[in-house]
>>> print(open('query-v3.txt').read())   # compact mmCIF, C-alpha atoms
# COMPACT_ATOMS: atom_id res chain seq x y z
CA MET A 1 -19.71 -33.86 2.15
CA ASN A 2 -22.09 -31.69 0.17
CA ASN A 3 -22.82 -33.46 -3.12
CA ASN A 4 -22.98 -30.06 -4.84
CA GLU A 5 -19.31 -29.40 -4.13
CA THR A 6 -16.93 -29.32 -7.07
CA ILE A 7 -13.19 -29.03 -7.36
CA GLU A 8 -13.70 -25.34 -8.20
CA SER A 9 -15.60 -24.79 -4.97
CA TRP A 10 -12.44 -25.90 -3.13
CA GLY A 11 -10.30 -23.29 -4.91
CA TRP A 12 -9.26 -24.86 -8.22
CA ASN A 13 -8.58 -21.97 -10.61
CA ARG A 14 -7.21 -21.00 -14.02
CA PHE A 15 -3.59 -20.91 -12.85
CA LEU A 16 -3.81 -24.48 -11.56
CA GLU A 17 -5.54 -25.61 -14.73
CA LYS A 18 -2.72 -24.19 -16.86
CA THR A 19 0.19 -25.49 -14.78
CA SER A 20 -1.01 -28.93 -13.64
CA GLY A 21 -1.15 -30.87 -16.90
CA GLN A 22 2.32 -32.41 -16.75
CA TYR A 23 1.73 -33.75 -13.22
CA ILE A 24 -1.61 -35.50 -13.68
CA ARG A 25 -1.21 -39.14 -14.70
CA THR A 26 -3.62 -41.94 -15.49
CA GLY A 27 -4.92 -43.36 -12.25
CA THR A 28 -4.55 -40.13 -10.25
CA VAL A 29 -7.04 -37.41 -9.36
CA ARG A 30 -6.72 -33.82 -8.20
CA GLY A 31 -6.99 -33.13 -4.49
CA ARG A 32 -6.32 -30.44 -1.91
CA ILE A 33 -4.59 -30.81 1.45
CA LEU A 34 -7.03 -30.04 4.27
CA GLU A 35 -4.68 -30.87 7.13
CA VAL A 36 -1.17 -32.14 7.75
CA ARG A 37 -1.10 -34.68 10.55
CA ARG A 38 1.76 -36.36 12.36
CA ALA A 39 1.69 -39.52 10.25
CA ASP A 40 -0.49 -38.69 7.25
CA TRP A 41 -2.37 -36.03 5.29
CA LEU A 42 -6.10 -35.33 5.06
CA VAL A 43 -7.02 -34.67 1.42
CA ILE A 44 -10.27 -33.74 -0.28
CA ALA A 45 -10.35 -35.08 -3.82
CA GLU A 46 -12.49 -36.17 -6.71
CA SER A 47 -14.01 -39.59 -6.12
CA PRO A 48 -14.98 -42.14 -8.78
CA GLU A 49 -18.58 -41.01 -8.20
CA ASN A 50 -17.59 -37.44 -9.20
CA THR A 51 -18.13 -36.09 -5.69
CA MET A 52 -15.60 -34.37 -3.44
CA THR A 53 -14.55 -36.88 -0.79
CA GLN A 54 -12.08 -36.80 2.09
CA TYR A 55 -9.26 -39.35 2.17
CA ASN A 56 -6.40 -40.12 4.50
CA ALA A 57 -3.21 -40.25 2.46
CA ALA A 58 0.52 -40.89 2.62
CA VAL A 59 3.18 -39.53 0.26
CA SER A 60 4.84 -41.73 -2.32
CA GLY A 61 8.43 -42.79 -1.76
CA THR A 62 9.54 -40.81 -4.80
CA LEU A 63 7.90 -37.63 -3.55
CA ALA A 64 9.30 -38.08 -0.04
CA ARG A 65 12.80 -38.53 -1.48
CA ASP A 66 12.71 -35.65 -3.96
CA ALA A 67 10.49 -33.05 -2.29
CA GLY A 68 12.79 -31.94 0.56
CA SER A 69 11.13 -28.88 2.09
CA GLY A 70 8.52 -29.09 -0.69
CA MET A 71 6.44 -31.72 1.10
CA PRO A 72 2.68 -31.07 0.96
CA VAL A 73 1.34 -28.37 3.29
CA THR A 74 -2.18 -27.25 4.12
CA GLY A 75 -3.72 -25.57 1.07
CA ASP A 76 -1.56 -27.44 -1.44
CA TRP A 77 -3.07 -29.03 -4.52
CA VAL A 78 -1.75 -32.53 -5.18
CA THR A 79 -2.25 -35.54 -7.40
CA LEU A 80 -3.68 -38.47 -5.49
CA ARG A 81 -3.85 -42.16 -6.23
CA LEU A 82 -7.12 -43.24 -4.61
CA PRO A 83 -6.97 -45.81 -1.80
CA GLU A 84 -7.41 -49.49 -2.49
CA SER A 85 -8.76 -52.15 -0.11
CA GLY A 86 -9.35 -49.70 2.68
CA GLY A 87 -5.76 -48.41 2.80
CA PRO A 88 -4.65 -44.78 2.55
CA GLY A 89 -4.48 -42.80 -0.67
CA LEU A 90 -1.07 -41.99 -2.14
CA ILE A 91 0.06 -38.43 -2.88
CA THR A 92 2.25 -38.61 -5.99
CA ALA A 93 2.97 -34.92 -6.73
CA VAL A 94 2.54 -31.41 -5.35
CA LEU A 95 1.17 -29.07 -8.00
CA PRO A 96 2.72 -25.62 -8.62
CA ARG A 97 1.71 -23.06 -5.97
CA TYR A 98 0.44 -19.64 -6.97
CA SER A 99 1.19 -18.25 -3.51
CA LYS A 100 2.65 -19.38 -0.18
CA PHE A 101 3.21 -17.88 3.24
CA SER A 102 6.68 -18.84 4.48
CA ARG A 103 8.98 -18.10 7.36
CA LYS A 104 12.48 -19.26 8.22
CA ALA A 105 12.14 -22.52 10.08
CA PRO A 106 12.65 -22.00 13.83
CA GLY A 107 16.22 -22.23 15.05
CA ASP A 108 19.46 -20.31 15.50
CA VAL A 109 20.48 -18.75 12.19
CA ASP A 110 24.16 -19.03 13.16
CA HIS A 111 24.20 -22.72 14.05
CA ASP A 112 21.11 -24.48 12.70
CA ARG A 113 20.23 -25.40 9.15
CA ILE A 114 18.64 -22.48 7.31
CA GLN A 115 15.43 -23.72 5.76
CA GLU A 116 12.13 -22.37 4.53
CA GLN A 117 8.98 -23.45 6.36
CA ILE A 118 5.80 -23.03 4.35
CA ILE A 119 2.84 -22.36 6.63
CA ALA A 120 0.07 -22.35 4.01
CA ALA A 121 -0.14 -22.56 0.22
CA ASN A 122 -2.42 -21.28 -2.54
CA ILE A 123 -3.88 -18.47 -0.47
CA ASP A 124 -5.55 -15.30 -1.72
CA THR A 125 -5.81 -13.31 1.53
CA VAL A 126 -3.68 -13.22 4.68
CA PHE A 127 -5.58 -12.17 7.79
CA ILE A 128 -2.92 -10.95 10.24
CA VAL A 129 -4.69 -11.41 13.55
CA ALA A 130 -3.46 -9.17 16.39
CA ALA A 131 -5.32 -8.85 19.68
CA ALA A 132 -6.02 -5.63 21.53
CA GLY A 133 -4.80 -5.57 25.11
CA HIS A 134 -1.49 -6.52 26.69
CA ASP A 135 -0.33 -8.66 23.74
CA TRP A 136 -0.52 -5.82 21.17
CA ASN A 137 2.86 -5.58 19.42
CA PRO A 138 3.42 -3.33 16.33
CA GLY A 139 6.87 -4.85 15.72
CA ARG A 140 5.36 -8.32 15.40
CA ILE A 141 2.70 -6.99 13.05
CA GLU A 142 5.41 -5.51 10.81
CA ARG A 143 7.04 -8.93 10.55
CA TYR A 144 3.77 -10.55 9.50
CA VAL A 145 3.11 -7.77 6.98
CA THR A 146 6.58 -8.22 5.46
CA LEU A 147 6.03 -11.94 4.95
CA ALA A 148 2.44 -11.46 3.81
CA TRP A 149 3.51 -9.17 0.95
CA GLU A 150 6.20 -11.71 0.05
CA SER A 151 3.60 -14.51 -0.07
CA GLY A 152 1.81 -13.20 -3.13
CA ALA A 153 -1.49 -12.88 -1.24
CA SER A 154 -3.26 -9.70 -0.12
CA PRO A 155 -2.76 -8.85 3.58
CA VAL A 156 -5.45 -7.54 5.94
CA LEU A 157 -4.75 -6.53 9.55
CA VAL A 158 -7.48 -7.74 11.91
CA ILE A 159 -7.54 -6.27 15.43
CA THR A 160 -9.39 -8.83 17.54
CA LYS A 161 -10.91 -8.34 21.01
CA ALA A 162 -11.74 -4.74 20.09
CA ASP A 163 -14.19 -4.68 23.00
CA ILE A 164 -11.31 -4.67 25.53
CA ALA A 165 -9.28 -1.90 23.84
CA GLU A 166 -8.82 1.11 26.13
CA ASN A 167 -8.50 3.45 23.13
CA LEU A 168 -9.60 1.71 19.93
CA ASP A 169 -9.01 4.74 17.66
CA GLU A 170 -5.41 4.95 18.86
CA LEU A 171 -4.94 1.24 18.27
CA ILE A 172 -6.32 1.50 14.72
CA ALA A 173 -3.93 4.41 14.02
CA GLU A 174 -1.00 2.29 15.26
CA GLY A 175 -2.23 -0.50 13.00
CA TYR A 176 -2.19 1.73 9.93
CA THR A 177 1.35 2.85 10.83
CA ALA A 178 2.57 -0.74 11.22
CA ALA A 179 0.73 -1.90 8.10
CA PRO A 180 0.56 1.01 5.64
CA GLY A 181 -1.52 0.54 2.54
CA ILE A 182 -3.58 -2.41 3.78
CA PRO A 183 -7.04 -2.59 5.37
CA VAL A 184 -7.18 -2.46 9.18
CA ILE A 185 -10.37 -3.93 10.60
CA PRO A 186 -11.20 -4.02 14.32
CA VAL A 187 -13.46 -6.93 15.29
CA SER A 188 -15.06 -8.41 18.37
CA ALA A 189 -16.56 -11.88 18.28
CA LYS A 190 -18.33 -10.99 21.55
CA THR A 191 -20.14 -7.87 20.25
CA GLY A 192 -20.11 -8.68 16.51
CA ILE A 193 -18.18 -5.51 15.57
CA GLY A 194 -16.35 -5.88 12.25
CA ILE A 195 -17.55 -9.39 11.40
CA THR A 196 -19.65 -8.08 8.51
CA ASP A 197 -16.62 -6.16 7.15
CA LEU A 198 -14.49 -9.31 7.18
CA THR A 199 -17.24 -11.42 5.65
CA ALA A 200 -17.38 -8.96 2.74
CA ILE A 201 -13.71 -9.68 1.98
CA LEU A 202 -14.25 -13.45 1.85
CA THR A 203 -15.21 -14.83 -1.55
CA ALA A 204 -16.54 -18.24 -2.57
CA GLY A 205 -13.74 -20.40 -3.94
CA LYS A 206 -11.01 -18.09 -2.59
CA THR A 207 -8.75 -18.99 0.33
CA ALA A 208 -7.83 -16.89 3.35
CA VAL A 209 -5.42 -17.85 6.12
CA LEU A 210 -5.57 -16.72 9.76
CA LEU A 211 -2.10 -15.97 11.15
CA GLY A 212 -1.06 -14.62 14.53
CA SER A 213 0.24 -15.42 17.98
CA SER A 214 -1.26 -17.99 20.31
CA GLY A 215 -4.31 -16.60 22.06
CA ALA A 216 -4.93 -13.85 19.49
CA GLY A 217 -8.43 -15.15 18.85
CA LYS A 218 -7.99 -16.81 15.45
CA SER A 219 -10.24 -19.80 16.17
CA THR A 220 -12.85 -17.60 17.83
CA LEU A 221 -12.79 -15.39 14.73
CA LEU A 222 -13.16 -18.44 12.47
CA ASN A 223 -16.22 -19.58 14.41
CA ALA A 224 -17.74 -16.09 14.20
CA LEU A 225 -17.21 -15.96 10.43
CA ALA A 226 -18.60 -19.47 10.02
CA GLY A 227 -21.62 -18.82 12.22
CA THR A 228 -20.94 -22.12 13.98
CA ASP A 229 -18.25 -23.74 16.14
CA LEU A 230 -15.72 -25.21 13.72
CA GLN A 231 -12.86 -25.00 16.21
CA GLN A 232 -12.69 -25.42 19.97
CA THR A 233 -11.85 -22.24 21.92
CA ARG A 234 -11.17 -21.35 25.54
CA GLU A 235 -11.87 -18.33 27.68
CA VAL A 236 -9.52 -15.34 27.69
CA ARG A 237 -7.30 -15.04 30.79
CA ALA A 238 -8.15 -11.94 32.80
CA ASP A 239 -4.55 -11.16 33.78
CA ASP A 240 -3.07 -10.74 30.30
CA HIS A 241 -6.08 -10.82 27.94
CA ARG A 242 -4.69 -13.87 26.12
CA GLY A 243 -6.64 -16.92 25.09
CA ARG A 244 -5.36 -20.40 25.81
CA HIS A 245 -3.77 -22.33 22.98
CA THR A 246 -6.30 -24.72 21.43
CA THR A 247 -5.49 -25.12 17.69
CA THR A 248 -2.88 -27.82 17.12
CA ALA A 249 -2.91 -28.24 13.32
CA ARG A 250 -3.23 -26.07 10.23
CA THR A 251 -6.66 -26.92 8.89
CA LEU A 252 -8.58 -25.77 5.80
CA PHE A 253 -12.32 -25.21 6.25
CA ARG A 254 -15.04 -24.41 3.73
CA LEU A 255 -17.75 -22.07 5.04
CA ALA A 256 -21.40 -22.21 4.08
CA SER A 257 -20.78 -19.11 1.93
CA GLY A 258 -18.26 -21.10 -0.13
CA ALA A 259 -15.29 -19.11 1.23
CA LEU A 260 -12.25 -21.13 2.32
CA ILE A 261 -10.27 -20.39 5.50
CA ILE A 262 -7.11 -21.97 6.92
CA ASP A 263 -6.86 -21.79 10.70
CA THR A 264 -3.37 -22.11 12.15
CA PRO A 265 -1.78 -22.60 15.57
CA GLY A 266 -0.06 -19.55 17.00
CA LEU A 267 3.47 -18.86 15.77
CA ARG A 268 5.98 -18.35 18.57
CA GLU A 269 8.71 -17.27 16.14
CA ILE A 270 8.16 -15.23 13.01
CA GLN A 271 11.61 -15.10 11.45
CA LEU A 272 11.96 -13.53 8.03
CA TRP A 273 12.13 -15.48 4.79
CA THR A 274 12.68 -12.61 2.38
CA ASP A 275 15.33 -10.19 1.20
CA ALA A 276 15.84 -6.48 1.85
CA LYS A 277 13.49 -5.56 -1.01
CA GLY A 278 10.74 -7.57 0.68
CA VAL A 279 11.26 -5.58 3.87
CA ASP A 280 11.12 -2.31 1.95
CA THR A 281 7.78 -3.30 0.42
CA ALA A 282 6.27 -3.53 3.91
CA PHE A 283 7.83 -0.19 4.91
CA GLU A 284 6.56 1.90 2.04
CA ASP A 285 6.57 5.04 4.21
CA VAL A 286 10.31 4.70 4.83
CA GLU A 287 10.89 3.95 1.15
CA ARG A 288 8.89 7.03 0.15
CA PHE A 289 11.25 9.22 2.16
CA ALA A 290 14.30 7.27 0.93
CA SER A 291 13.39 8.01 -2.69
CA GLN A 292 13.85 11.72 -1.93
CA CYS A 293 17.44 11.41 -0.61
CA ARG A 294 20.14 13.39 -2.43
CA PHE A 295 22.28 10.30 -3.07
CA ARG A 296 20.93 7.12 -4.56
CA ASN A 297 23.15 4.94 -2.33
CA CYS A 298 22.27 6.82 0.86
CA GLY A 299 22.53 4.63 3.95
CA HIS A 300 20.01 6.78 5.90
CA THR A 301 22.32 7.06 8.90
CA GLY A 302 23.40 10.70 8.65
CA GLU A 303 24.54 11.32 5.07
CA PRO A 304 24.05 14.85 3.70
CA GLY A 305 20.67 15.38 2.07
CA CYS A 306 19.12 12.28 3.69
CA ALA A 307 15.33 12.66 3.52
CA VAL A 308 14.82 9.77 5.95
CA GLN A 309 16.82 11.54 8.66
CA ALA A 310 14.94 14.76 7.89
CA ALA A 311 11.63 12.90 8.35
CA LEU A 312 12.87 11.56 11.69
CA GLU A 313 13.81 15.06 12.86
CA SER A 314 10.46 16.51 11.80
CA GLY A 315 8.49 13.66 13.39
CA ASP A 316 6.97 12.57 10.08
CA LEU A 317 8.65 9.19 10.54
CA PRO A 318 8.40 7.68 14.04
CA ALA A 319 11.81 6.74 15.43
CA ASP A 320 10.68 3.33 16.65
CA ARG A 321 9.38 2.42 13.19
CA TYR A 322 12.67 3.54 11.61
CA ASN A 323 14.62 1.44 14.13
CA ARG A 324 12.48 -1.64 13.46
CA TRP A 325 12.94 -1.14 9.71
CA ARG A 326 16.72 -1.09 10.15
CA LYS A 327 16.57 -4.19 12.34
CA LEU A 328 14.52 -6.14 9.78
CA ARG A 329 16.80 -4.89 6.99
CA ARG A 330 19.86 -6.21 8.83
CA GLU A 331 18.10 -9.52 9.50
CA ALA A 332 17.13 -9.91 5.84
CA ASP A 333 20.64 -9.00 4.63
CA TYR A 334 22.20 -11.50 7.03
CA LEU A 335 19.76 -14.23 5.99
CA GLU A 336 20.55 -13.57 2.33
CA ARG A 337 24.29 -13.85 2.97
CA LYS A 338 23.84 -17.09 4.92
CA THR A 339 21.53 -18.68 2.33
CA ASN A 340 23.83 -17.68 -0.52
CA LYS A 341 26.76 -19.19 1.38
CA ALA A 342 24.80 -22.38 1.99
CA ALA A 343 23.91 -22.54 -1.71
CA GLU A 344 27.56 -21.97 -2.64
CA LEU A 345 28.73 -24.76 -0.34
CA ALA A 346 26.07 -27.13 -1.70
CA GLU A 347 27.19 -26.36 -5.25
CA ARG A 348 30.81 -27.01 -4.31
CA GLU A 349 29.88 -30.40 -2.87
CA ARG A 350 27.92 -31.22 -6.02
CA TRP A 351 30.94 -30.44 -8.19
CA LYS A 352 33.21 -32.47 -5.90
CA ASP A 353 30.93 -35.49 -6.27
CA LEU A 354 30.72 -34.97 -10.02
CA THR A 355 34.51 -34.71 -10.31
CA LYS A 356 34.97 -37.92 -8.32
CA THR A 357 32.49 -39.71 -10.57
CA ILE A 358 34.30 -38.52 -13.71
CA ARG A 359 37.65 -39.69 -12.30
CA HIS A 360 36.24 -43.14 -11.56
CA ILE A 361 34.80 -43.36 -15.07
CA LYS A 362 38.20 -42.42 -16.59
CA LYS A 363 39.96 -45.06 -14.47
CA ASP A 364 37.45 -47.72 -15.44
CA THR A 365 37.72 -46.94 -19.15
CA LYS A 366 41.50 -46.40 -19.29
CA GLY A 367 42.30 -50.08 -19.57
CA LEU A 368 39.78 -50.54 -22.38
CA ARG A 369 41.67 -48.40 -24.86
>>> encode(input="query-v3.txt", output="structure tokens")
Amino acid sequence: MNNNETIESWGWNRFLEKTSGQYIRTGTVRGRILEVRRADWLVIAESPENTMTQYNAAVSGTLARDAGSGMPVTGDWVTLRLPESGGPGLITAVLPRYSKFSRKAPGDVDHDRIQEQIIAANIDTVFIVAAAGHDWNPGRIERYVTLAWESGASPVLVITKADIAENLDELIAEGYTAAPGIPVIPVSAKTGIGITDLTAILTAGKTAVLLGSSGAGKSTLLNALAGTDLQQTREVRADDHRGRHTTTARTLFRLASGALIIDTPGLREIQLWTDAKGVDTAFEDVERFASQCRFRNCGHTGEPGCAVQAALESGDLPADRYNRWRKLRREADYLERKTNKAAELAERERWKDLTKTIRHIKKDTKGLR
């Protein structure tokens, strides 16, 4: 560790200072999750010598029991009881998050438990990494953009492997259509194109996260930004332009510039964890047309005076983008109905348990009158 590092250099900020007081207890220090492992957590925290030191840690029994899906994730700030006698440290609390990138946990929405999966916490910038070539997919980008806006961080679309693009200008235009209102930066770790532009976005003490499919070039991009090999990478396959999966954990790195970056394994599924309003935020072009419809409750499927349908007919709104917007809208609406139903059922069970408890208390006290 660099002895000049401070808790602020690892991202501690005014929000955390204001909201953490009630969680910090005597005998605990502030720390940040660098990596979630199979059996423990890697934490960087304040040591008794006032230096930032890495510790292996477990979670306390109380936290494990009460946290549920709120268990520590990479990027989280926590309170840590320092290790004794060579054992692991003990994470006692997860501090309030000022941002988080979440998706619905993988599984069938009809049959499996509906649960949030937090990918990274306390992030300032989301780099949506999409590779040029055969794996380019505007629909997937739109999903990432939707969740990025929902996260509370600022999204940036990064087109990697720009050197293999057959028509880079066309690809950039498609990127702006899929991600309106956010920067679109083509990069090539091989030629160095765009690396300076991305470096300018990174700020000391601020955290960015790299998100994208397996083989999109996230780890290669991290190494290019760091100027050294922080992560292992493999050669791109010639048949489909995809890299081989190498990153197996979500890991937070601190660059020499002081900027912080979380590298992540590729996401096979990117299911929504937002509502219809969150979808609309990512489709501001559709919403702009929708605001001009004659009727406020227009369904945009053929009603009189529908500005969205007029934009489709004129070509101002691409049909495939409109169709993907409707698909994501339906998915978000369905998710909201399912989660509300799950919450309703959970509340019913809580009241059933409470009623049973009250009945038992009445029975026990009846004979005492």
>>> residues_around(input="query-v3.txt", residues="Ala224 in chain A", least_positions_apart="2", cutoff="12 Å", atoms="only C-alpha atoms", output="list in words")
Thr160, Val187, Ser188, Ala189, Lys190, Thr191, Gly192, Ile193, Gly194, Ile195, Thr196, Leu198, Thr199, Gly217, Lys218, Ser219, Thr220, Leu221, Leu222, Ala226, Gly227, Thr228, Asp229, Leu230, Gln231, Thr233 and Leu255 of chain A
>>> residues_near_point(input="query-v3.txt", point="(-21.0, -16.7, 0.3)", cutoff="9 Å", atoms="only C-alpha atoms", output="list in words")
Thr199, Ala200, Leu202, Thr203, Ala204, Leu255, Ala256, Ser257, Gly258 and Ala259 of chain A
>>> residues_around(input="query-v3.txt", residues="Gly139 in chain A", least_positions_apart="5", cutoff="12 Å", atoms="all atoms listed in the file", output="ChimeraX atom specification")
/A:130,144-146,174-175,177-179,270,282-283,320-328
>>> residues_around(input="query-v3.txt", residues="Leu210 in chain A", least_positions_apart="5", cutoff="8 Å", atoms="only C-alpha atoms", output="JSON, numbers by chain")
{"A": [126, 127, 128, 129, 218, 261, 262, 263, 264]}
>>> residues_around(input="query-v3.txt", residues="range 60-64 of chain A", least_positions_apart="5", cutoff="6 Å", atoms="only C-alpha atoms", output="ChimeraX atom specification")
/A:90-92
>>> closest_residue(input="query-v3.txt", among="A:Gln271, A:Gln292, A:Thr281, A:Asn50", to="Glu331 in chain A", atoms="all atoms listed in the file")
A:Gln271
>>> residues_around(input="query-v3.txt", residues="Pro96 in chain A", least_positions_apart="5", cutoff="8 Å", atoms="all atoms listed in the file", output="NGL selection string")
:A and (16 or 19-20 or 77)
>>> atom_distance(input="query-v3.txt", atom1="CA of Gly107 in chain A", atom2="CA of Glu269 in chain A")
9.1 Å
>>> closest_atom_pairs(input="query-v3.txt", of="range 112-154 of chain A", to="range 25-40 of chain A", cutoff="12 Å", atoms="all atoms listed in the file", output="JSON lines")
{"residue": "A:Ile118", "atom": "CA", "partner": "A:Val36", "partner_atom": "CA", "distance": 12.0}
{"residue": "A:Ile119", "atom": "CA", "partner": "A:Val36", "partner_atom": "CA", "distance": 10.6}
{"residue": "A:Ala120", "atom": "CA", "partner": "A:Ile33", "partner_atom": "CA", "distance": 10.0}
{"residue": "A:Ala121", "atom": "CA", "partner": "A:Ile33", "partner_atom": "CA", "distance": 9.5}
{"residue": "A:Asn122", "atom": "CA", "partner": "A:Arg32", "partner_atom": "CA", "distance": 10.0}
>>> atom_distance(input="query-v3.txt", atom1="CA of Glu336 in chain A", atom2="CA of Asp275 in chain A")
6.3 Å
>>> closest_residue(input="query-v3.txt", among="A:Ala165, A:Leu95, A:Ile44, A:Ala208", to="Trp136 in chain A", atoms="all atoms listed in the file")
A:Ala165
>>> atom_distance(input="query-v3.txt", atom1="CA of Gly315 in chain A", atom2="CA of Arg288 in chain A")
14.8 Å
>>> closest_residue(input="query-v3.txt", among="A:Leu260, A:Met71, A:Ala162, A:Ala148", to="Val279 in chain A", atoms="only C-alpha atoms")
A:Ala148
